[in-house]
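Enquirer: Below are the structure tokens for one structure; questions will follow.
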Amino acid sequence: MAHVGVPRGTARKRRSVALLATGVLTIPVLAGCTSDSEGPAPVAVPQDIAPASRDRVDEGSTLTWAIDAVPATLNAFQADADSATARITGALLPTLFPMDARGEPRLNPNYLESAEVIEQEPKQVVLYKLDQQAVWSDGREIGAPDFVAQWRALSGKDSAFWTARNAGYERIEKIERGKDDLQVRVTFAKPYADWRSLFSPLYPKEVTGSPGTFNDGARTTLKNTAGPFRLRSVSKAEGTVVLDRNPRWWGDEARLESLVFRAVKTEDRTEALTKGTVDVADIDPSAANSIAQAARYRGGNGQPPAHGPGADSTPASALRSWALAHGSDEEAAETAQAAREKSREAVAVYAAEQKSLRGFAVRKSLEPAYTQLALNGESGPLSDDRVRRAIARTLDRQELADTVLKPLGLPAKPPGSHLALAGQPAYKDGSGALGDRDTKEAQALLADAGWTVGGAIRRTEDTKAGSEAEKKAATGKKAAEEKATEKKEAEKKDGEAAEKDGKASREEGTYVVGDDKPGERPAGDAEVTAQDKRPGGAAGAYAPAGTAAPAPASVKDRLGKGGKPLSLRFVLPSGPGSQSLRAVGEKIVAMLDSIGISTQVTKVDDDSYFKDHIASGAYDLALYSWPATAYPATDGRPIFAKPEPATDGSLLVEQNYTRVGSDHIDQLFDRAVSELDANASRDLLKQADARIWAAAGSIPLYQRPQLVAVDKKLANIGAFGFAAPRYEDIGFTGREAAGSPANRKK
């Protein structure tokens with residue numbers, strides 16, 4: 001909610017989609033860079049869901065759960081599926097291996113009796129044994145035909161299926177029926193370590209059996225489901241998706257009678273909670289603060305606030321008396337009293353709102369996702385890995401994590417891995433491959449790359465060389481001819497060129513303004529703003545040709561090379577739910593400024609932030625998030641894969657929006673995803689992560705906070721952390737005292 005991010009599901013689904021630094025990066029010494037000897041492995045922050053046994057949860061009633069928008073599709077394998085798609089289908093369809101509280105996949109006994117690798121040679125074979133009671137909502141048993149249909153739809157062999165995901169499915173050679181349809185035998189052409197990621201969610205063959213039903217039929221409805229709930233309706237006009245209990249569900253019966261997902265924008269959620277139109281909502285820190293304030297509010301219950309307007313009725317009478325005593329007429333006095341009464345009404349409304357918000361608790365944990373600083377290494381200064389590493393070593397990651405998490409009372413240890421989070425078995429701190437914060441080392445790296453203090457100042461000889469280069473380009477002279485010219489003649493020509501262009505000679509050490517050609521951006525690729533064009537804008541940016549101006553003191557302290565400052569485009573979202581990102585961005589700007597790196601911050605609409613800037617590569621620095629996954633070998637590869645040139649000259653980058661990668665990293669991912677020994681696979685991933693750190697295209701800053709406003713009478717719901725919800729266990733306790741819409745029967 002409060003952070004712009006990319007659903008990890010999107011990463012998995014778009015593996016074959018080319019949306020978005022080639023060469024092997026120089027890798028620092030990696031020995032001894034991990035934290036194995038620093039003590040016990042870090043543990044995951046526990047979930048906060050007000051757990052209760054099923055016998056304490058009331059039977060019946062309706063719960064309303066806020067989502068960002070009605071999903072564009074209910075087909076989780078299409079490119080426009082989103083987090084709402086995943087949340088809704090989680091209650092409707094089989095997930096064979098949901099994540100547990102440690103972020104590991106666990107067999108779901110509602111659907112599987114067992115699932116295991118029964119052969120490794122000559123080929124990997126997995127045998128699934130389905131629960132004998134598992135049936136679709138039309139009464140047909142879940143079986144091998146559903147597995148076969150989904151494999152054929154997602155294998156990538158038939159382009160008629162509009163799918164954005166084939167990871168793992170393309171490795172399957174065949175699927176066979178076992179002793180009966182409840183046994184499914186899957187043979188892989190190539191070993192696949194993440195086989196548990198497949199067939200989740202599992203769709204009925206009626207959806208995956210033909211391109212028509214797959215592409216269009218499952219976008220707005222699912223006639224056949226197999227979860228604790230079934231789909232009743234989808235209404236974009238009302239902004240709701242309504243689920244009812246599934247009467248054919250063979251597991252523990254859902255405690256709720258109905259589950260309503262309602263579209264509510266981030267900025268409207270506090271109001272929705274106040275009005276009682278939702279019972280559960282992911283919220284940002286400002287909404288959490290409103291609930292905390294309501295818990296402390298003591299007005300309204302016959303006891304007015306200790307301070308402020310509306311303490312009692314006496315001030316209204318006093319105001320009227322004062323107006324009359326000081327010469328006001330009766331009408332003025334009545335107007336004054338009306339204003340006072342209006343103030344009292346406002347206080348009453350506020351008190352009612354506070355009373356309503358006191359019915360909610362803020363459940364909080366750490367979301368299974370991390371926010372990173374992305375450095376676009378495709379071109380410009382950041383194409384040099386020394387510059388990227390210098391920026392990374394300038395950042396105080398602990399301070400940035402504290403900024404977001406400490407005010408919320410959450411642990412603020414910066415992540416040490418790109419591929420797992422604290423508490424997951426694959427987690428290992430690989431940040432030592434990059435090194436700790438060290439501004440002196442950062443400055444040394446920048447100097448080695450040619451970026452020095454004062455390098456942004458264009459000196460006289462640089463001006464002459466630039467003028468001569470322009471003249472050569474205009475007249476078509478070759479470089480060899482220039483080298484053969486006597487130094488004296490060259491100086492003479494320089495003077496003539498300067499005079500012809502209306503440029504006077506300058507003393508060495510002054511900044512040359514007006515050198516940019518009309519229409520070109522200022523040095524450092526900074527965007528020209530309206531302020532620059534007005535008097536008092538960027539100094540000298542639009543001064544007449546030949547005008548000399550002393551370099552501002554700040555320019556003298558800037559890092560530069562050849563008269564050009566080291567200046568980076570920093571793109572941030574501007575939406576109401578992105579305050580934390582902007583606060584972190586401001587601190588990063590200050591950290592970079594402290595060593596002489598300039599930034600141009602551009603704030604853009606949330607809707608265009610990712611599509612028009614991150615995915616298209618129109619940025620140097622950006623903040624966005626990646627969710628964690630139980631399958632880093634599969635899901636991590638497209639995020640960190642080395643971009644490849646396309647036939648049209650562009651880059652095929654998959655999900656690697658930083659455009660930083662190497663052949664070695666790719667090879668480690670390929671080996672990890674084919675390694676059936678779990679420990680060996682994790683070791684390969686840890687090696688890959690160390691090299692991702694060293695490449696410095698992505699710098700994890702903090703694990704995202706998870707804040708959920710929940711009706712205090714609800715149990716088994718809130719901040720789930722890694723674990724998937726058990727929808728059948730969610731419900732109200734003591735609902736006779738409930739005042740929420742969930743307790744008003746339809």
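So you can find residues: chains in the structure tokens are A, B, ... in the order shown, residues in each start at 1, and ligands are numbered from 1 in order.
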Please provide as a ChimeraX atom specification all residues within 6 Å of region 564-568 of chain A, with the sequence filter that same-chain residues fewer than 2 positions apart are discarded (counting only C-alpha atoms).
Expert: /A:456,523-524,559-562,597-599,620
Enquirer: Name all residues at most 8 Å from Val45 (chain A) (count only C-alpha atoms; drop same-chain ones fewer than 2 positions away) and give them as a PyMOL selection string.
Expert: chain A and resi 43+47+365-366+411+423+721
Enquirer: So that I have them on file, write out the residues from the current selection with C-alpha atoms, as an mmCIF file, in the first residue's frame.
Expert:
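New file again.cif:
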```
data_model
loop_
_atom_site.group_PDB
_atom_site.id
_atom_site.type_symbol
_atom_site.label_atom_id
_atom_site.label_comp_id
_atom_site.auth_asym_id
_atom_site.auth_seq_id
_atom_site.Cartn_x
_atom_site.Cartn_y
_atom_site.Cartn_z
ATOM 1 C CA VAL A 43 14.218 -15.180 12.225
ATOM 2 C CA GLN A 47 2.549 -12.711 11.794
ATOM 3 C CA SER A 365 4.406 -7.318 10.701
ATOM 4 C CA LEU A 366 7.007 -7.191 7.953
ATOM 5 C CA PRO A 411 12.571 -4.377 13.401
ATOM 6 C CA GLY A 423 13.702 -16.397 8.383
ATOM 7 C CA GLY A 721 3.741 -12.131 6.930
#
```
Enquirer: Run DSSP on the backbone and give me the residues of region 555-632 of chain A it puts in helix (DSSP H, G or I), as a list in words.
Expert: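 Here is the list: Val555, Lys556, Gln579, Ser580, Leu581, Arg582, Ala583, Val584, Gly585, Glu586, Lys587, Ile588, Val589, Ala590, Met591, Leu592, Asp593, Asp606, Asp607, Ser608, Tyr609, Phe610, Lys611, Asp612, His613, Ile614 and Pro632 of chain A.
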Enquirer: Suppose we keep C-alpha atoms; can you now write the selection as a compact mmCIF listing (two decimals), in the first residue's frame?
Expert:
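Saved file selection-v3.txt follows:
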```txt
# COMPACT_ATOMS: atom_id res chain seq x y z
CA VAL A 555 29.62 23.67 -8.55
CA LYS A 556 33.18 23.84 -7.26
CA GLN A 579 5.11 9.17 1.43
CA SER A 580 7.60 6.70 2.88
CA LEU A 581 9.34 6.27 -0.47
CA ARG A 582 9.66 10.01 -0.88
CA ALA A 583 11.06 10.38 2.65
CA VAL A 584 13.66 7.70 1.88
CA GLY A 585 14.40 9.37 -1.46
CA GLU A 586 15.10 12.70 0.26
CA LYS A 587 17.60 11.06 2.59
CA ILE A 588 19.34 9.33 -0.34
CA VAL A 589 19.61 12.67 -2.15
CA ALA A 590 21.27 14.19 0.94
CA MET A 591 23.69 11.26 1.26
CA LEU A 592 24.76 11.55 -2.37
CA ASP A 593 25.00 15.33 -2.10
CA ASP A 606 1.83 6.26 -9.44
CA ASP A 607 -0.03 4.94 -12.48
CA SER A 608 2.81 5.85 -14.84
CA TYR A 609 5.72 5.37 -12.44
CA PHE A 610 6.48 1.79 -13.29
CA LYS A 611 5.30 1.52 -16.88
CA ASP A 612 6.65 4.80 -18.21
CA HIS A 613 9.81 5.10 -16.16
CA ILE A 614 11.05 1.90 -14.53
CA PRO A 632 14.11 -17.87 -5.78
```
Enquirer: Per residue of region 583-662 of chain A within 10 Å of region 673-685 of chain A, what are the shortest atom pair and its distance in Å to one decimal, counting only C-alpha atoms, with rows by chain and residue number, as a tab-separated table?
Expert:
```
residue	atom	partner	partner_atom	distance
A:Tyr631	CA	A:Val673	CA	9.0
A:Pro632	CA	A:Leu685	CA	7.8
A:Ala633	CA	A:Val673	CA	5.1
A:Thr634	CA	A:Val673	CA	6.3
A:Asp635	CA	A:Val673	CA	9.9
A:Gly636	CA	A:Leu685	CA	9.3
A:Arg637	CA	A:Val673	CA	9.3
```
Enquirer: For a quick check of understanding, using only C-alpha atoms, which of A:Ala115, A:Ala66, A:Ala695, A:Ala254 has the smallest distance to Gly435 (chain A)?
Expert: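 Of the candidates, the smallest distance to Gly435 (chain A) is held by A:Ala695.
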Enquirer: One number please: CA of Ser650 (chain A) to CA of Tyr370 (chain A), in Å, one decimal.
Expert: 28.8 Å
Enquirer: Do you know which residues are at most 6 Å from Val126 (chain A) counting only C-alpha atoms, after dropping those on the same chain fewer than 3 positions away, and could you put them as a list in words?
Expert: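 Contacts, with the query itself left out: Glu116, Val117, Ile118, Arg185 and Val186 of chain A.
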Enquirer: Using only C-alpha atoms, which residues sit within 9 Å of Ala719 (chain A) once same-chain residues fewer than 5 positions away are excluded, as a tab-separated table (two decimals) with all heavy atoms, in the first residue's frame?
Expert:
```
chain	number	residue	atom	x	y	z
A	47	GLN	N	3.78	-13.30	12.30
A	47	GLN	CA	2.55	-12.71	11.79
A	47	GLN	C	1.71	-12.20	12.95
A	47	GLN	O	1.89	-12.60	14.10
A	47	GLN	CB	1.77	-13.73	10.96
A	47	GLN	CG	1.43	-15.00	11.68
A	47	GLN	CD	0.68	-15.99	10.79
A	47	GLN	OE1	0.05	-16.89	11.30
A	47	GLN	NE2	0.73	-15.84	9.50
A	48	ASP	N	0.80	-11.29	12.64
A	48	ASP	CA	-0.06	-10.67	13.65
A	48	ASP	C	-1.50	-10.79	13.14
A	48	ASP	O	-1.98	-9.93	12.40
A	48	ASP	CB	0.35	-9.21	13.84
A	48	ASP	CG	-0.44	-8.50	14.93
A	48	ASP	OD1	-1.24	-9.17	15.62
A	48	ASP	OD2	-0.27	-7.27	15.08
A	49	ILE	N	-2.19	-11.87	13.54
A	49	ILE	CA	-3.51	-12.15	12.97
A	49	ILE	C	-4.57	-12.43	14.03
A	49	ILE	O	-5.66	-12.90	13.70
A	49	ILE	CB	-3.44	-13.35	12.00
A	49	ILE	CG1	-2.99	-14.62	12.73
A	49	ILE	CG2	-2.53	-13.05	10.82
A	49	ILE	CD1	-3.11	-15.89	11.88
A	282	ASP	N	-5.55	-3.09	4.11
A	282	ASP	CA	-4.15	-2.73	4.17
A	282	ASP	C	-4.09	-1.21	4.20
A	282	ASP	O	-4.77	-0.54	3.42
A	282	ASP	CB	-3.40	-3.24	2.94
A	282	ASP	CG	-3.26	-4.75	2.93
A	282	ASP	OD1	-3.61	-5.39	3.93
A	282	ASP	OD2	-2.82	-5.30	1.90
A	362	VAL	N	-4.62	-2.13	14.61
A	362	VAL	CA	-3.62	-2.19	13.53
A	362	VAL	C	-2.77	-3.43	13.75
A	362	VAL	O	-2.01	-3.52	14.72
A	362	VAL	CB	-2.74	-0.93	13.50
A	362	VAL	CG1	-1.68	-1.06	12.41
A	362	VAL	CG2	-3.60	0.31	13.26
A	363	ARG	N	-2.93	-4.41	12.88
A	363	ARG	CA	-2.09	-5.60	12.91
A	363	ARG	C	-0.84	-5.30	12.07
A	363	ARG	O	-0.97	-4.81	10.94
A	363	ARG	CB	-2.83	-6.81	12.32
A	363	ARG	CG	-4.19	-7.08	12.95
A	363	ARG	CD	-4.09	-7.47	14.38
A	363	ARG	NE	-5.42	-7.72	14.98
A	363	ARG	CZ	-5.64	-7.73	16.28
A	363	ARG	NH1	-4.64	-7.53	17.12
A	363	ARG	NH2	-6.86	-7.95	16.74
A	364	LYS	N	0.32	-5.56	12.62
A	364	LYS	CA	1.53	-5.19	11.89
A	364	LYS	C	2.59	-6.28	11.95
A	364	LYS	O	2.75	-6.98	12.94
A	364	LYS	CB	2.10	-3.88	12.40
A	364	LYS	CG	2.47	-3.86	13.87
A	364	LYS	CD	2.91	-2.46	14.29
A	364	LYS	CE	3.27	-2.41	15.77
A	364	LYS	NZ	3.68	-1.06	16.19
A	365	SER	N	3.29	-6.39	10.83
A	365	SER	CA	4.41	-7.32	10.70
A	365	SER	C	5.29	-6.76	9.59
A	365	SER	O	5.11	-5.61	9.17
A	365	SER	CB	3.90	-8.73	10.37
A	365	SER	OG	4.98	-9.65	10.31
A	366	LEU	N	6.23	-7.56	9.13
A	366	LEU	CA	7.01	-7.19	7.95
A	366	LEU	C	6.46	-7.95	6.76
A	366	LEU	O	6.29	-9.17	6.81
A	366	LEU	CB	8.49	-7.50	8.15
A	366	LEU	CG	9.22	-6.61	9.16
A	366	LEU	CD1	10.67	-7.01	9.27
A	366	LEU	CD2	9.11	-5.14	8.78
A	367	GLU	N	6.17	-7.22	5.72
A	367	GLU	CA	5.67	-7.84	4.50
A	367	GLU	C	6.77	-8.68	3.87
A	367	GLU	O	7.95	-8.32	3.95
A	367	GLU	CB	5.22	-6.75	3.54
A	367	GLU	CG	4.52	-7.24	2.30
A	367	GLU	CD	4.03	-6.10	1.44
A	367	GLU	OE1	3.85	-4.99	1.96
A	367	GLU	OE2	3.82	-6.33	0.24
A	706	GLN	N	4.12	-4.14	6.96
A	706	GLN	CA	2.79	-4.65	6.62
A	706	GLN	C	1.84	-4.17	7.71
A	706	GLN	O	1.90	-4.61	8.86
A	706	GLN	CB	2.81	-6.18	6.55
A	706	GLN	CG	1.52	-6.78	6.02
A	706	GLN	CD	1.64	-8.29	5.85
A	706	GLN	OE1	2.10	-8.98	6.74
A	706	GLN	NE2	1.24	-8.79	4.70
A	707	LEU	N	0.99	-3.23	7.36
A	707	LEU	CA	0.03	-2.63	8.29
A	707	LEU	C	-1.37	-2.93	7.80
A	707	LEU	O	-1.73	-2.60	6.67
A	707	LEU	CB	0.24	-1.11	8.37
A	707	LEU	CG	1.65	-0.63	8.74
A	707	LEU	CD1	1.73	0.89	8.63
A	707	LEU	CD2	2.04	-1.09	10.13
A	708	VAL	N	-2.17	-3.54	8.67
A	708	VAL	CA	-3.53	-3.93	8.29
A	708	VAL	C	-4.48	-3.49	9.39
A	708	VAL	O	-4.31	-3.86	10.55
A	708	VAL	CB	-3.64	-5.46	8.08
A	708	VAL	CG1	-5.02	-5.81	7.54
A	708	VAL	CG2	-2.56	-5.94	7.10
A	709	ALA	N	-5.47	-2.70	9.01
A	709	ALA	CA	-6.53	-2.32	9.95
A	709	ALA	C	-7.58	-3.43	9.96
A	709	ALA	O	-8.09	-3.83	8.92
A	709	ALA	CB	-7.16	-1.00	9.53
```
Enquirer: CA of Trp136 (chain A) and CA of Phe199 (chain A) are how many Å apart?
Expert: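 Pair CA of Trp136 (chain A) / CA of Phe199 (chain A) returns 15.1 Å.
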Enquirer: For CA of Thr95 (chain A) and CA of Ala69 (chain A), determine how far apart the two atoms are, in Å to one decimal place.
Expert: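 Going from CA of Thr95 (chain A) over to CA of Ala69 (chain A) covers 22.9 Å.
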Enquirer: Using only C-alpha atoms, find the one residue out of A:Trp65, A:Tyr727, A:Trp693, A:Phe360 that sits nearest to Gly251 (chain A).
Expert: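 Closest candidate: A:Tyr727.
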Enquirer: Between A:Ala288, A:Ala622, A:Leu273, A:Ala630, which one has atoms that come closest to Arg196 (chain A), using only C-alpha atoms?
Expert: A:Ala630
Enquirer: Using only C-alpha atoms, pick whichever of A:Asp396, A:Ala694, A:Arg165, A:Gly139 has the shortest atom-to-atom distance to Pro638 (chain A).
Expert: A:Arg165
